[in-house]
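Asks: Below is a structure I'd like to ask you about.
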Amino acid sequence: MKKLYIKNDGDSDYLDTLIKTLKDLESKYPKSIKNNIVNHLLYQLDYDLHLIEECETPIEVLLGLEIRREIDSLNGTEGLYYYLHPQYEIEVSDSLYRVDFLLAPVMAEKITTYPNIVIECDGHDYHERTKEQAKRDKARERELLKAGYRVVRFTGSEIVANPKKCAWEVISITKQVQKELGFGD
């Protein structure tokens with residue numbers, strides 16, 4: 001089956017493309033295969049919608065969806081299965097910090113001897129507009145680092161220009177942290 005992509009040009013009719021694809025499935029494959037594919041698509045859509053609802057800004061949505069798509073390259077490696085947690089709360093030194101994302105192995109979200117990657121999306125509207133905001137962000141990052149979390153920051157401009165590249169960088173950093181923590185030996 002050929003790969004299908006919908007142009008992100010604002011003129012594409014998503015519903016027509018989806019209906020045509022489902023009709024192609026119906027005509028070319030047995031019902032059991034079609035049902036399996038449709039169930040997989042519905043699961044993925046539900047997962048994406050949950051992520052979108054949890055994100056607070058458009059740049060978080062862009063980056064979160066791309067990271068989520070790339071997680072499969074990590075899952076199962078070194079026996080770790082990762083989950084991307086949007087708007088995750090981390091308690092450090094009697095302070096509660098809500099980070100844009102936490103990428104961590106399932107059931108090891110707060111155990112920093114495992115790869116726990118905090119991902120921050122620094123849009124101009126929310127970060128470093130004032131010296132006080134910049135000071136708070138830097139102090140918060142230092143606290144997270146002291147607690148054993150790895151922190152990766154992207155500007156809104158980086159994310160909008162190439163969210164896939166940012167996601168690949170997160171995956172690359174996560175693989176490096178796996179090695180540092182002894183999961184790649």
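By order in the structure tokens, chains are A, B, ...; within a chain, residues start at 1; ligands start at 1, following the order shown.
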Give me, as a PyMOL selection string, all polymer residues having an atom no more than 10 Å from Gln178 of chain A, counting only C-alpha atoms and skipping those fewer than 3 positions away in the same chain.
Replies: chain A and resi 77-78+80+113-116+172-175+181-185
Asks: Store the residues picked out above in a file with N, CA and C atoms, as a PDB file, in the first residue's frame.
Replies:
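Below is the file part15.pdb, written as the result:
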ATOM      1  N   THR A  77      14.008  -0.784  23.806  1.00  0.00           N
ATOM      2  CA  THR A  77      15.465  -0.784  23.877  1.00  0.00           C
ATOM      3  C   THR A  77      15.855  -0.807  25.340  1.00  0.00           C
ATOM      4  N   GLU A  78      16.789  -1.645  25.652  1.00  0.00           N
ATOM      5  CA  GLU A  78      17.295  -1.771  27.019  1.00  0.00           C
ATOM      6  C   GLU A  78      16.180  -2.143  27.996  1.00  0.00           C
ATOM      7  N   LEU A  80      13.328  -0.800  28.371  1.00  0.00           N
ATOM      8  CA  LEU A  80      12.588   0.366  28.843  1.00  0.00           C
ATOM      9  C   LEU A  80      11.474   0.716  27.863  1.00  0.00           C
ATOM     10  N   THR A 113      17.383   7.519  38.629  1.00  0.00           N
ATOM     11  CA  THR A 113      18.445   6.624  38.188  1.00  0.00           C
ATOM     12  C   THR A 113      18.055   5.993  36.851  1.00  0.00           C
ATOM     13  N   TYR A 114      16.867   6.303  36.388  1.00  0.00           N
ATOM     14  CA  TYR A 114      16.395   5.952  35.051  1.00  0.00           C
ATOM     15  C   TYR A 114      16.397   7.236  34.220  1.00  0.00           C
ATOM     16  N   PRO A 115      16.383   7.112  32.897  1.00  0.00           N
ATOM     17  CA  PRO A 115      16.347   8.320  32.066  1.00  0.00           C
ATOM     18  C   PRO A 115      15.023   9.068  32.224  1.00  0.00           C
ATOM     19  N   ASN A 116      15.056  10.187  32.903  1.00  0.00           N
ATOM     20  CA  ASN A 116      13.906  11.074  33.066  1.00  0.00           C
ATOM     21  C   ASN A 116      14.270  12.405  32.423  1.00  0.00           C
ATOM     22  N   SER A 172      17.649  11.469  20.702  1.00  0.00           N
ATOM     23  CA  SER A 172      19.104  11.319  20.743  1.00  0.00           C
ATOM     24  C   SER A 172      19.647  11.572  22.153  1.00  0.00           C
ATOM     25  N   ILE A 173      19.166  12.623  22.796  1.00  0.00           N
ATOM     26  CA  ILE A 173      19.589  12.936  24.167  1.00  0.00           C
ATOM     27  C   ILE A 173      19.165  11.822  25.111  1.00  0.00           C
ATOM     28  N   THR A 174      17.965  11.305  24.929  1.00  0.00           N
ATOM     29  CA  THR A 174      17.478  10.227  25.790  1.00  0.00           C
ATOM     30  C   THR A 174      18.355   8.982  25.643  1.00  0.00           C
ATOM     31  N   LYS A 175      18.744   8.657  24.416  1.00  0.00           N
ATOM     32  CA  LYS A 175      19.639   7.508  24.202  1.00  0.00           C
ATOM     33  C   LYS A 175      20.986   7.749  24.871  1.00  0.00           C
ATOM     34  N   LEU A 181      23.632   6.339  32.197  1.00  0.00           N
ATOM     35  CA  LEU A 181      23.088   5.670  33.375  1.00  0.00           C
ATOM     36  C   LEU A 181      23.320   4.152  33.358  1.00  0.00           C
ATOM     37  N   GLY A 182      24.016   3.685  32.326  1.00  0.00           N
ATOM     38  CA  GLY A 182      24.353   2.257  32.281  1.00  0.00           C
ATOM     39  C   GLY A 182      23.326   1.371  31.635  1.00  0.00           C
ATOM     40  N   PHE A 183      22.412   1.927  30.847  1.00  0.00           N
ATOM     41  CA  PHE A 183      21.408   1.114  30.186  1.00  0.00           C
ATOM     42  C   PHE A 183      21.835   0.659  28.805  1.00  0.00           C
ATOM     43  N   GLY A 184      22.960   1.122  28.322  1.00  0.00           N
ATOM     44  CA  GLY A 184      23.391   0.749  26.974  1.00  0.00           C
ATOM     45  C   GLY A 184      24.616  -0.150  26.971  1.00  0.00           C
ATOM     46  N   ASP A 185      25.017  -0.614  28.135  1.00  0.00           N
ATOM     47  CA  ASP A 185      26.246  -1.416  28.204  1.00  0.00           C
ATOM     48  C   ASP A 185      26.002  -2.888  27.985  1.00  0.00           C
TER      49      ASP A 185
END
Asks: Write down as a short mmCIF file (atom, residue, chain, number, x, y, z; two decimals) with C-alpha atoms, in the first residue's frame the residues of segment 17-124 of chain A whose backbone DSSP state falls under alpha helix (DSSP H).
Replies:
data_model
loop_
_atom_site.label_atom_id
_atom_site.label_comp_id
_atom_site.auth_asym_id
_atom_site.auth_seq_id
_atom_site.Cartn_x
_atom_site.Cartn_y
_atom_site.Cartn_z
CA THR A 17 -8.95 11.64 2.16
CA LEU A 18 -9.84 9.56 5.20
CA ILE A 19 -13.02 8.19 3.61
CA LYS A 20 -11.17 7.30 0.40
CA THR A 21 -8.46 5.52 2.38
CA LEU A 22 -11.01 3.53 4.38
CA LYS A 23 -12.84 2.54 1.17
CA ASP A 24 -9.52 1.38 -0.32
CA LEU A 25 -8.95 -0.73 2.80
CA GLU A 26 -12.45 -2.17 2.51
CA SER A 27 -12.02 -3.18 -1.10
CA LYS A 28 -8.47 -4.56 -0.91
CA LYS A 31 -12.55 -7.35 7.17
CA SER A 32 -10.30 -8.61 9.99
CA ILE A 33 -7.32 -6.64 8.64
CA LYS A 34 -9.45 -3.54 8.02
CA ASN A 35 -10.84 -3.73 11.57
CA ASN A 36 -7.35 -4.13 13.00
CA ILE A 37 -6.08 -1.07 11.12
CA VAL A 38 -9.11 1.05 12.01
CA ASN A 39 -8.78 0.10 15.70
CA HIS A 40 -5.10 1.03 15.59
CA LEU A 41 -5.92 4.39 14.00
CA LEU A 42 -8.64 5.09 16.57
CA TYR A 43 -6.23 4.24 19.40
CA GLN A 44 -3.56 6.56 17.95
CA LEU A 45 -6.11 9.33 17.42
CA ASP A 46 -7.36 9.01 20.99
CA TYR A 47 -3.77 9.12 22.28
CA ASP A 48 -3.01 12.22 20.17
CA LEU A 49 -6.22 13.96 21.26
CA HIS A 50 -5.37 13.33 24.92
CA LEU A 51 -1.93 14.87 24.40
CA ILE A 52 -3.42 17.88 22.56
CA GLU A 53 -5.94 18.47 25.37
CA GLU A 54 -3.21 18.37 28.02
CA PRO A 58 0.45 25.40 20.16
CA ILE A 59 4.25 24.86 20.31
CA GLU A 60 3.75 22.20 22.98
CA VAL A 61 1.23 20.46 20.72
CA LEU A 62 3.63 20.55 17.75
CA LEU A 63 6.57 19.18 19.72
CA GLY A 64 4.53 16.72 21.78
CA LEU A 65 2.99 15.05 18.74
CA GLU A 66 6.38 14.69 17.05
CA ILE A 67 8.05 13.27 20.17
CA ARG A 68 5.16 10.86 20.66
CA ARG A 69 5.64 9.60 17.10
CA GLU A 70 9.36 9.06 17.70
#
Asks: Could you write out, as number ranges by chain, all the residues of segment 149-185 of chain A that DSSP marks as strand (DSSP E)?
Replies: A: 150-155
Asks: Could you check the closest approach to Gly148 of chain A for each of A:Asp16, A:Asp122, A:Glu109, A:Glu132 and tell me which residue wins, using only C-alpha atoms?
Replies: A:Glu109
Asks: Do you know which residues are at most 12 Å from Glu141 of chain A counting only C-alpha atoms, after dropping those on the same chain fewer than 2 positions away, and could you put them as a PyMOL selection string?
Replies: chain A and resi 90+92+97-99+117-120+134-139+143-153
Asks: Using only C-alpha atoms, which residue out of A:Ile111, A:Asn162, A:Asp94, A:Ile171 lies closest to Asn75 of chain A?
Replies: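 Checking each of A:Ile111, A:Asn162, A:Asp94, A:Ile171 against Asn75 of chain A, counting only C-alpha atoms, the winner is A:Ile171.
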